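Engineer: Below is the file data.csv, which contains CSV, N, CA and C atoms.
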chain,number,residue,atom,x,y,z
P,1,MET,N,77.1,46.0,-3.9
P,1,MET,CA,75.9,46.4,-4.5
P,1,MET,C,75.4,47.6,-3.7
P,2,THR,N,74.6,48.5,-4.3
P,2,THR,CA,74.1,49.6,-3.7
P,2,THR,C,72.7,49.3,-3.1
P,3,ASP,N,72.3,50.1,-2.1
P,3,ASP,CA,71.1,49.9,-1.4
P,3,ASP,C,70.0,50.8,-2.0
P,4,LYS,N,70.4,51.6,-3.0
P,4,LYS,CA,69.4,52.6,-3.6
P,4,LYS,C,68.5,51.8,-4.5
P,5,PRO,N,67.2,52.0,-4.4
P,5,PRO,CA,66.2,51.3,-5.3
P,5,PRO,C,66.3,51.9,-6.7
P,6,THR,N,66.2,51.1,-7.7
P,6,THR,CA,66.2,51.6,-9.1
P,6,THR,C,64.7,51.8,-9.5
P,7,ARG,N,64.6,52.3,-10.7
P,7,ARG,CA,63.2,52.5,-11.2
P,7,ARG,C,62.6,51.1,-11.4
P,8,ARG,N,63.4,50.2,-11.8
P,8,ARG,CA,62.8,48.8,-12.0
P,8,ARG,C,62.4,48.2,-10.7
P,9,ASP,N,63.0,48.6,-9.6
P,9,ASP,CA,62.6,48.1,-8.3
P,9,ASP,C,61.3,48.8,-7.8
P,10,LEU,N,61.1,50.0,-8.2
P,10,LEU,CA,59.9,50.7,-7.8
P,10,LEU,C,58.7,50.1,-8.4
P,11,MET,N,58.7,49.8,-9.7
P,11,MET,CA,57.6,49.1,-10.3
P,11,MET,C,58.1,48.3,-11.5
P,12,LYS,N,58.0,47.0,-11.4
P,12,LYS,CA,58.5,46.2,-12.4
P,12,LYS,C,57.7,46.3,-13.7
P,13,PRO,N,58.3,46.0,-14.8
P,13,PRO,CA,57.6,46.2,-16.1
P,13,PRO,C,56.4,45.3,-16.2
P,14,VAL,N,56.4,44.1,-15.6
P,14,VAL,CA,55.3,43.2,-15.6
P,14,VAL,C,54.1,43.8,-14.8
P,15,GLN,N,54.4,44.5,-13.8
P,15,GLN,CA,53.3,45.2,-13.0
P,15,GLN,C,52.7,46.4,-13.9
P,16,LEU,N,53.6,47.1,-14.6
P,16,LEU,CA,53.1,48.1,-15.5
P,16,LEU,C,52.1,47.6,-16.5
P,17,LEU,N,52.5,46.5,-17.1
P,17,LEU,CA,51.7,45.9,-18.2
P,17,LEU,C,50.4,45.3,-17.6
P,18,GLY,N,50.5,44.7,-16.4
P,18,GLY,CA,49.4,44.2,-15.7
P,18,GLY,C,48.3,45.2,-15.4
P,19,LEU,N,48.8,46.4,-14.8
P,19,LEU,CA,47.9,47.5,-14.5
P,19,LEU,C,47.2,48.0,-15.8
P,20,ALA,N,48.0,48.2,-16.8
P,20,ALA,CA,47.4,48.7,-18.1
P,20,ALA,C,46.5,47.7,-18.7
P,21,PHE,N,46.8,46.4,-18.6
P,21,PHE,CA,45.9,45.4,-19.1
P,21,PHE,C,44.6,45.3,-18.3
P,22,GLY,N,44.7,45.4,-17.0
P,22,GLY,CA,43.5,45.4,-16.2
P,22,GLY,C,42.6,46.6,-16.5
P,23,ALA,N,43.2,47.8,-16.7
P,23,ALA,CA,42.4,49.0,-17.0
P,23,ALA,C,41.7,48.8,-18.4
P,24,ALA,N,42.5,48.2,-19.3
P,24,ALA,CA,41.9,48.0,-20.7
P,24,ALA,C,40.8,47.0,-20.7
P,25,LEU,N,41.0,46.0,-19.9
P,25,LEU,CA,39.9,45.0,-19.8
P,25,LEU,C,38.7,45.5,-19.2
P,26,PHE,N,38.8,46.3,-18.2
P,26,PHE,CA,37.7,47.0,-17.5
P,26,PHE,C,37.0,47.9,-18.5
P,27,ALA,N,37.7,48.8,-19.2
P,27,ALA,CA,37.1,49.7,-20.2
P,27,ALA,C,36.4,48.9,-21.3
P,28,GLY,N,37.1,47.8,-21.8
P,28,GLY,CA,36.4,47.1,-22.9
P,28,GLY,C,35.1,46.4,-22.4
P,29,ILE,N,35.1,45.9,-21.2
P,29,ILE,CA,33.9,45.2,-20.7
P,29,ILE,C,32.8,46.3,-20.5
P,30,VAL,N,33.1,47.4,-20.0
P,30,VAL,CA,32.1,48.5,-19.8
P,30,VAL,C,31.6,48.9,-21.1
P,31,THR,N,32.4,49.0,-22.1
P,31,THR,CA,32.0,49.4,-23.4
P,31,THR,C,31.0,48.4,-24.0
P,32,LEU,N,31.4,47.1,-23.9
P,32,LEU,CA,30.5,46.0,-24.4
P,32,LEU,C,29.2,46.0,-23.7
P,33,ILE,N,29.2,46.2,-22.4
P,33,ILE,CA,27.9,46.2,-21.7
P,33,ILE,C,27.1,47.4,-22.1
P,34,SER,N,27.7,48.5,-22.2
P,34,SER,CA,26.9,49.7,-22.5
P,34,SER,C,26.4,49.7,-23.9
P,35,MET,N,27.1,49.0,-24.8
P,35,MET,CA,26.6,48.9,-26.2
P,35,MET,C,25.6,47.8,-26.4
P,36,GLY,N,25.3,47.0,-25.4
P,36,GLY,CA,24.4,45.9,-25.5
P,36,GLY,C,24.9,44.7,-26.2
P,37,PHE,N,26.1,44.3,-26.0
P,37,PHE,CA,26.7,43.2,-26.6
P,37,PHE,C,26.1,41.9,-26.1
P,38,PHE,N,25.8,41.8,-24.8
P,38,PHE,CA,25.3,40.6,-24.2
P,38,PHE,C,23.7,40.5,-24.3
P,39,GLN,N,23.1,41.3,-25.0
P,39,GLN,CA,21.6,41.3,-25.2
P,39,GLN,C,21.3,40.7,-26.6
P,40,GLN,N,20.1,40.3,-26.8
P,40,GLN,CA,19.6,39.9,-28.1
P,40,GLN,C,19.6,41.1,-29.0
P,41,ARG,N,20.4,41.1,-30.0
P,41,ARG,CA,20.5,42.2,-31.0
P,41,ARG,C,20.4,41.6,-32.4
P,42,GLN,N,20.4,42.5,-33.3
P,42,GLN,CA,20.5,42.1,-34.7
P,42,GLN,C,21.9,41.6,-35.1
P,43,ASP,N,22.1,41.0,-36.2
P,43,ASP,CA,23.4,40.4,-36.5
P,43,ASP,C,24.5,41.4,-36.6
P,44,GLY,N,24.4,42.5,-37.2
P,44,GLY,CA,25.5,43.4,-37.3
P,44,GLY,C,25.9,44.2,-36.1
P,45,GLN,N,24.9,44.3,-35.2
P,45,GLN,CA,25.1,45.2,-34.0
P,45,GLN,C,26.1,44.6,-33.0
P,46,SER,N,26.1,43.3,-32.9
P,46,SER,CA,27.0,42.7,-31.9
P,46,SER,C,28.5,42.7,-32.4
P,47,GLY,N,28.7,42.6,-33.7
P,47,GLY,CA,30.0,42.7,-34.3
P,47,GLY,C,30.5,44.1,-34.2
P,48,HIS,N,29.7,45.1,-34.3
P,48,HIS,CA,30.1,46.5,-34.2
P,48,HIS,C,30.4,46.8,-32.7
P,49,ALA,N,29.6,46.3,-31.8
P,49,ALA,CA,29.9,46.5,-30.4
P,49,ALA,C,31.3,45.9,-30.0
P,50,LEU,N,31.5,44.7,-30.5
P,50,LEU,CA,32.8,44.0,-30.2
P,50,LEU,C,34.0,44.8,-30.8
P,51,LEU,N,33.8,45.4,-32.0
P,51,LEU,CA,34.9,46.2,-32.6
P,51,LEU,C,35.2,47.4,-31.8
P,52,VAL,N,34.1,48.1,-31.4
P,52,VAL,CA,34.3,49.3,-30.6
P,52,VAL,C,34.9,49.0,-29.2
P,53,GLY,N,34.5,47.9,-28.6
P,53,GLY,CA,35.0,47.5,-27.3
P,53,GLY,C,36.5,47.2,-27.4
P,54,LEU,N,36.9,46.6,-28.5
P,54,LEU,CA,38.4,46.3,-28.7
P,54,LEU,C,39.2,47.6,-28.9
P,55,ILE,N,38.6,48.5,-29.7
P,55,ILE,CA,39.3,49.8,-29.9
P,55,ILE,C,39.4,50.6,-28.6
P,56,VAL,N,38.3,50.6,-27.8
P,56,VAL,CA,38.4,51.3,-26.5
P,56,VAL,C,39.4,50.7,-25.6
P,57,ALA,N,39.4,49.3,-25.6
P,57,ALA,CA,40.4,48.6,-24.7
P,57,ALA,C,41.8,48.9,-25.2
P,58,GLY,N,42.1,48.9,-26.5
P,58,GLY,CA,43.4,49.2,-27.0
P,58,GLY,C,43.9,50.6,-26.7
P,59,ILE,N,43.0,51.6,-26.8
P,59,ILE,CA,43.4,53.0,-26.5
P,59,ILE,C,43.6,53.1,-25.0
P,60,THR,N,42.8,52.5,-24.2
P,60,THR,CA,43.0,52.6,-22.8
P,60,THR,C,44.3,51.9,-22.3
P,61,PHE,N,44.6,50.8,-22.9
P,61,PHE,CA,45.9,50.1,-22.6
P,61,PHE,C,47.1,51.0,-22.9
P,62,ILE,N,47.1,51.7,-24.1
P,62,ILE,CA,48.2,52.5,-24.4
P,62,ILE,C,48.3,53.8,-23.5
P,63,VAL,N,47.1,54.4,-23.3
P,63,VAL,CA,47.1,55.6,-22.5
P,63,VAL,C,47.6,55.3,-21.0
P,64,VAL,N,47.1,54.3,-20.4
P,64,VAL,CA,47.5,53.9,-19.1
P,64,VAL,C,49.0,53.6,-19.0
P,65,LEU,N,49.4,52.8,-20.0
P,65,LEU,CA,50.8,52.4,-20.0
P,65,LEU,C,51.8,53.6,-20.1
P,66,VAL,N,51.5,54.5,-21.0
P,66,VAL,CA,52.3,55.7,-21.2
P,66,VAL,C,52.2,56.6,-20.0
P,67,GLY,N,51.0,56.8,-19.4
P,67,GLY,CA,50.8,57.6,-18.2
P,67,GLY,C,51.6,57.1,-17.0
P,68,LEU,N,51.5,55.8,-16.8
P,68,LEU,CA,52.3,55.3,-15.7
P,68,LEU,C,53.8,55.4,-15.9
P,69,ALA,N,54.2,55.2,-17.1
P,69,ALA,CA,55.6,55.3,-17.4
P,69,ALA,C,56.1,56.7,-17.2
P,70,LEU,N,55.3,57.7,-17.6
P,70,LEU,CA,55.7,59.1,-17.4
P,70,LEU,C,55.7,59.5,-15.9
P,71,MET,N,54.8,58.9,-15.2
P,71,MET,CA,54.8,59.2,-13.7
P,71,MET,C,56.0,58.6,-13.0
P,72,LEU,N,56.4,57.4,-13.5
P,72,LEU,CA,57.6,56.8,-12.9
P,72,LEU,C,58.9,57.6,-13.2
P,73,LEU,N,58.9,58.3,-14.3
P,73,LEU,CA,60.1,59.1,-14.7
P,73,LEU,C,60.2,60.3,-13.7
P,74,VAL,N,59.2,60.7,-13.1
P,74,VAL,CA,59.2,61.9,-12.2
P,74,VAL,C,59.8,61.5,-10.9
P,75,VAL,N,59.7,60.2,-10.5
P,75,VAL,CA,60.2,59.8,-9.2
P,75,VAL,C,61.7,59.6,-9.2
P,76,ASP,N,62.4,60.2,-8.3
P,76,ASP,CA,63.8,60.0,-8.1
P,76,ASP,C,64.0,58.8,-7.2
P,77,PRO,N,64.7,57.8,-7.7
P,77,PRO,CA,64.8,56.6,-6.9
P,77,PRO,C,65.6,56.8,-5.6
P,78,ALA,N,66.5,57.8,-5.6
P,78,ALA,CA,67.2,58.0,-4.3
P,78,ALA,C,66.3,58.7,-3.3
P,79,GLN,N,65.3,59.4,-3.7
P,79,GLN,CA,64.4,60.1,-2.8
P,79,GLN,C,63.3,59.2,-2.2
P,80,VAL,N,63.2,58.0,-2.7
P,80,VAL,CA,62.1,57.1,-2.2
P,80,VAL,C,62.3,56.7,-0.8
P,81,THR,N,63.5,56.3,-0.4
P,81,THR,CA,63.8,55.8,0.9
P,81,THR,C,64.2,56.9,1.9
P,82,LYS,N,64.4,58.1,1.4
P,82,LYS,CA,64.8,59.2,2.2
P,82,LYS,C,63.7,59.7,3.1
P,83,GLN,N,64.0,59.9,4.4
P,83,GLN,CA,62.9,60.3,5.3
P,83,GLN,C,62.8,61.8,5.3
P,84,VAL,N,61.6,62.3,5.2
P,84,VAL,CA,61.3,63.8,5.1
P,84,VAL,C,60.9,64.2,6.5
P,85,ASP,N,61.7,65.2,7.1
P,85,ASP,CA,61.4,65.7,8.4
P,85,ASP,C,60.8,67.1,8.4
P,86,ARG,N,60.4,67.6,7.2
P,86,ARG,CA,59.9,68.9,7.1
P,86,ARG,C,58.6,68.9,6.3
P,87,PRO,N,57.9,70.0,6.3
P,87,PRO,CA,56.7,70.0,5.4
P,87,PRO,C,57.0,69.8,4.0
P,88,VAL,N,56.2,69.1,3.2
P,88,VAL,CA,56.5,68.8,1.8
P,88,VAL,C,56.5,70.0,1.0
P,89,LEU,N,55.6,71.0,1.2
P,89,LEU,CA,55.5,72.2,0.4
P,89,LEU,C,56.4,73.3,0.9
P,90,TYR,N,57.3,73.0,1.8
P,90,TYR,CA,58.2,74.0,2.4
P,90,TYR,C,59.3,74.4,1.4
P,91,ASP,N,59.5,75.7,1.2
P,91,ASP,CA,60.5,76.2,0.3
P,91,ASP,C,61.8,76.2,0.9
P,92,SER,N,62.7,75.4,0.4
P,92,SER,CA,64.0,75.1,1.1
P,92,SER,C,65.0,76.3,0.9
P,93,ASP,N,64.7,77.3,0.0
P,93,ASP,CA,65.6,78.4,-0.2
P,93,ASP,C,65.4,79.5,0.9
P,94,ARG,N,64.2,79.6,1.5
P,94,ARG,CA,63.9,80.6,2.5
P,94,ARG,C,63.9,80.0,3.9
P,95,HIS,N,64.4,80.7,4.8
P,95,HIS,CA,64.4,80.2,6.2
P,95,HIS,C,63.1,80.7,6.8
P,96,PRO,N,62.4,79.9,7.6
P,96,PRO,CA,61.1,80.3,8.2
P,96,PRO,C,61.2,81.5,9.1
P,97,HIS,N,62.3,81.8,9.7
P,97,HIS,CA,62.4,82.9,10.6
P,97,HIS,C,62.8,84.2,9.9
P,98,ASP,N,63.0,84.2,8.6
P,98,ASP,CA,63.3,85.4,7.9
P,98,ASP,C,62.0,86.2,7.6
P,99,GLU,N,60.9,85.7,7.7
P,99,GLU,CA,59.7,86.4,7.4
P,99,GLU,C,59.3,87.3,8.5
P,100,THR,N,58.7,88.4,8.1
P,100,THR,CA,58.2,89.4,9.1
P,100,THR,C,56.9,88.9,9.6
P,101,THR,N,56.6,89.2,10.8
P,101,THR,CA,55.3,88.8,11.4
P,101,THR,C,54.3,89.8,10.9
P,102,PRO,N,53.0,89.4,10.8
P,102,PRO,CA,52.0,90.4,10.3
P,102,PRO,C,51.8,91.5,11.3
P,103,ASP,N,52.0,91.3,12.6
P,103,ASP,CA,51.8,92.3,13.6
P,103,ASP,C,52.8,93.5,13.4
P,104,ALA,N,54.0,93.1,13.1
P,104,ALA,CA,55.1,94.2,13.0
P,104,ALA,C,54.8,95.1,11.8
P,105,SER,N,54.2,94.6,10.7
P,105,SER,CA,54.1,95.4,9.5
P,105,SER,C,52.6,95.9,9.4
P,106,ALA,N,51.8,95.7,10.4
P,106,ALA,CA,50.4,96.2,10.3
P,106,ALA,C,50.4,97.7,10.3
P,107,PRO,N,49.6,98.3,9.5
P,107,PRO,CA,49.5,99.8,9.5
P,107,PRO,C,48.7,100.3,10.8
P,108,GLY,N,49.1,101.4,11.2
P,108,GLY,CA,48.4,102.0,12.3
P,108,GLY,C,48.9,101.6,13.7
P,109,ASP,N,50.1,100.9,13.7
P,109,ASP,CA,50.6,100.5,15.0
P,109,ASP,C,51.4,101.6,15.7
P,110,GLY,N,51.6,102.7,15.1
P,110,GLY,CA,52.3,103.8,15.7
P,110,GLY,C,53.8,103.8,15.5
P,111,SER,N,54.3,102.9,14.8
P,111,SER,CA,55.7,102.9,14.6
P,111,SER,C,56.0,103.4,13.2
P,112,ALA,N,57.1,104.2,13.1
P,112,ALA,CA,57.5,104.7,11.8
P,112,ALA,C,58.3,103.7,11.1
P,113,PRO,N,58.3,103.6,9.7
P,113,PRO,CA,59.0,102.7,9.0
P,113,PRO,C,60.5,103.0,9.1
P,114,ARG,N,61.3,102.0,9.2
P,114,ARG,CA,62.8,102.1,9.2
P,114,ARG,C,63.3,102.3,7.8
P,115,ARG,N,64.4,103.2,7.8
P,115,ARG,CA,65.1,103.4,6.5
P,115,ARG,C,66.5,103.0,6.6
As structure tokens, what does this structure read like?
Structural biologist:
Amino acid sequence: MTDKPTRRDLMKPVQLLGLAFGAALFAGIVTLISMGFFQQRQDGQSGHALLVGLIVAGITFIVVLVGLALMLLVVDPAQVTKQVDRPVLYDSDRHPHDETTPDASAPGDGSAPRR
């Protein structure tokens, strides 16, 4: 067997569904509270608030699930356990000593440009 983690090892599908369900539940409850579902209202208003809360919860569930799945596609499983010994934003094509120092190229230092 290989020691490389797979995408399934990074985040199991049950965890994806659980996070999406938790976010949807939170959004649905916030919608119900903000629309006054738990207060004394007229007959039609509580049904409307429940319908809007379910719609918001469904949309949130789908958006969070798709967003997490797309973010997992970006992760290379082989790179997860690899130790990084350099700055993260370091450009690997350029060597850090190839750059000229600002003092050497500053105007007015008395040196003529080389040709």
Engineer: So what do you get for atom CA of P:Gln42 versus atom C of P:Gly22, distance-wise?
Structural biologist: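 We find that atom CA of P:Gln42 and atom C of P:Gly22 lie 29.0 Å from each other.
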Engineer: At what distance in Å, to one decimal, does atom CA of P:Lys12 lie from atom CA of P:Val66?
Structural biologist: 14.4 Å
Engineer: What box, with edges along x, y and z, holds each listed atom of stretch 72-84 of chain P when 6 Å is added on every side, and can you state its centre and edge lengths in Å to one decimal, as AutoDock Vina command-line options?
Structural biologist:
--center_x 61.8 --center_y 60.0 --center_z -4.1 --size_x 22.8 --size_y 20.4 --size_z 33.2
Engineer: In terms of the shortest atom-to-atom distance over all atoms listed in the file, which of P:Ala20, P:Ala57, P:Val14, P:Ala49 is closest to P:Gly36?
Structural biologist: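 Of the candidates, the smallest distance to P:Gly36 is held by P:Ala49.
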Engineer: When you look at P:Val56 with a cut-off of 7 Å (counting only N, CA and C atoms), what residues show up, excluding the ones that are within fewer than 6 positions of it in the same chain? I need them as an MDAnalysis selection string.
Structural biologist: chainID P and resid 24 27:28
Engineer: Find the distance between atom CA of P:Gly47 and atom CA of P:Ser34 and write it in Å to one decimal.
Structural biologist: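 Calculated distance between atom CA of P:Gly47 and atom CA of P:Ser34 is 14.1 Å.
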Engineer: Need the shell around P:Leu50: protein/DNA/RNA residues with any atom at most 9 Å away, counting only C-alpha atoms. Skip same-chain ones fewer than 6 positions apart. Format as a ChimeraX atom specification?
Structural biologist: /P:28,31-32,35,37
Engineer: Choose the residue, out of P:Leu17, P:Leu54, P:Leu70, P:Leu65, that has the smallest atom-to-atom separation from P:Ile29; count all atoms listed in the file.
Structural biologist: P:Leu54
Engineer: Of the residues P:Leu68, P:Ala23, P:Ala78, P:Ile33, which is the one nearest to P:Val52, using only C-alpha atoms?
Structural biologist: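 Looking at the shortest contact to P:Val52, the residue is P:Ile33.
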Engineer: Complete stretch 53-71 of chain P with N, CA, C and O atoms (output as a tab-separated table (two decimals), in the coordinates of the input).
Structural biologist:
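out-v4.tsv written:
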chain	number	residue	atom	x	y	z
P	53	GLY	N	34.50	47.90	-28.60
P	53	GLY	CA	35.00	47.50	-27.30
P	53	GLY	C	36.50	47.20	-27.40
P	53	GLY	O	37.29	47.60	-26.54
P	54	LEU	N	36.90	46.60	-28.50
P	54	LEU	CA	38.40	46.30	-28.70
P	54	LEU	C	39.20	47.60	-28.90
P	54	LEU	O	40.30	47.73	-28.44
P	55	ILE	N	38.60	48.50	-29.70
P	55	ILE	CA	39.30	49.80	-29.90
P	55	ILE	C	39.40	50.60	-28.60
P	55	ILE	O	40.49	51.10	-28.32
P	56	VAL	N	38.30	50.60	-27.80
P	56	VAL	CA	38.40	51.30	-26.50
P	56	VAL	C	39.40	50.70	-25.60
P	56	VAL	O	40.20	51.33	-24.92
P	57	ALA	N	39.40	49.30	-25.60
P	57	ALA	CA	40.40	48.60	-24.70
P	57	ALA	C	41.80	48.90	-25.20
P	57	ALA	O	42.73	49.10	-24.36
P	58	GLY	N	42.10	48.90	-26.50
P	58	GLY	CA	43.40	49.20	-27.00
P	58	GLY	C	43.90	50.60	-26.70
P	58	GLY	O	45.03	50.85	-26.24
P	59	ILE	N	43.00	51.60	-26.80
P	59	ILE	CA	43.40	53.00	-26.50
P	59	ILE	C	43.60	53.10	-25.00
P	59	ILE	O	44.57	53.78	-24.61
P	60	THR	N	42.80	52.50	-24.20
P	60	THR	CA	43.00	52.60	-22.80
P	60	THR	C	44.30	51.90	-22.30
P	60	THR	O	45.00	52.46	-21.49
P	61	PHE	N	44.60	50.80	-22.90
P	61	PHE	CA	45.90	50.10	-22.60
P	61	PHE	C	47.10	51.00	-22.90
P	61	PHE	O	47.97	51.21	-22.07
P	62	ILE	N	47.10	51.70	-24.10
P	62	ILE	CA	48.20	52.50	-24.40
P	62	ILE	C	48.30	53.80	-23.50
P	62	ILE	O	49.36	54.16	-23.07
P	63	VAL	N	47.10	54.40	-23.30
P	63	VAL	CA	47.10	55.60	-22.50
P	63	VAL	C	47.60	55.30	-21.00
P	63	VAL	O	48.38	56.09	-20.47
P	64	VAL	N	47.10	54.30	-20.40
P	64	VAL	CA	47.50	53.90	-19.10
P	64	VAL	C	49.00	53.60	-19.00
P	64	VAL	O	49.68	53.98	-18.09
P	65	LEU	N	49.40	52.80	-20.00
P	65	LEU	CA	50.80	52.40	-20.00
P	65	LEU	C	51.80	53.60	-20.10
P	65	LEU	O	52.74	53.76	-19.37
P	66	VAL	N	51.50	54.50	-21.00
P	66	VAL	CA	52.30	55.70	-21.20
P	66	VAL	C	52.20	56.60	-20.00
P	66	VAL	O	53.17	57.22	-19.51
P	67	GLY	N	51.00	56.80	-19.40
P	67	GLY	CA	50.80	57.60	-18.20
P	67	GLY	C	51.60	57.10	-17.00
P	67	GLY	O	52.22	57.90	-16.35
P	68	LEU	N	51.50	55.80	-16.80
P	68	LEU	CA	52.30	55.30	-15.70
P	68	LEU	C	53.80	55.40	-15.90
P	68	LEU	O	54.52	55.68	-14.95
P	69	ALA	N	54.20	55.20	-17.10
P	69	ALA	CA	55.60	55.30	-17.40
P	69	ALA	C	56.10	56.70	-17.20
P	69	ALA	O	57.22	56.96	-16.66
P	70	LEU	N	55.30	57.70	-17.60
P	70	LEU	CA	55.70	59.10	-17.40
P	70	LEU	C	55.70	59.50	-15.90
P	70	LEU	O	56.59	60.23	-15.48
P	71	MET	N	54.80	58.90	-15.20
P	71	MET	CA	54.80	59.20	-13.70
P	71	MET	C	56.00	58.60	-13.00
P	71	MET	O	56.50	59.15	-12.06
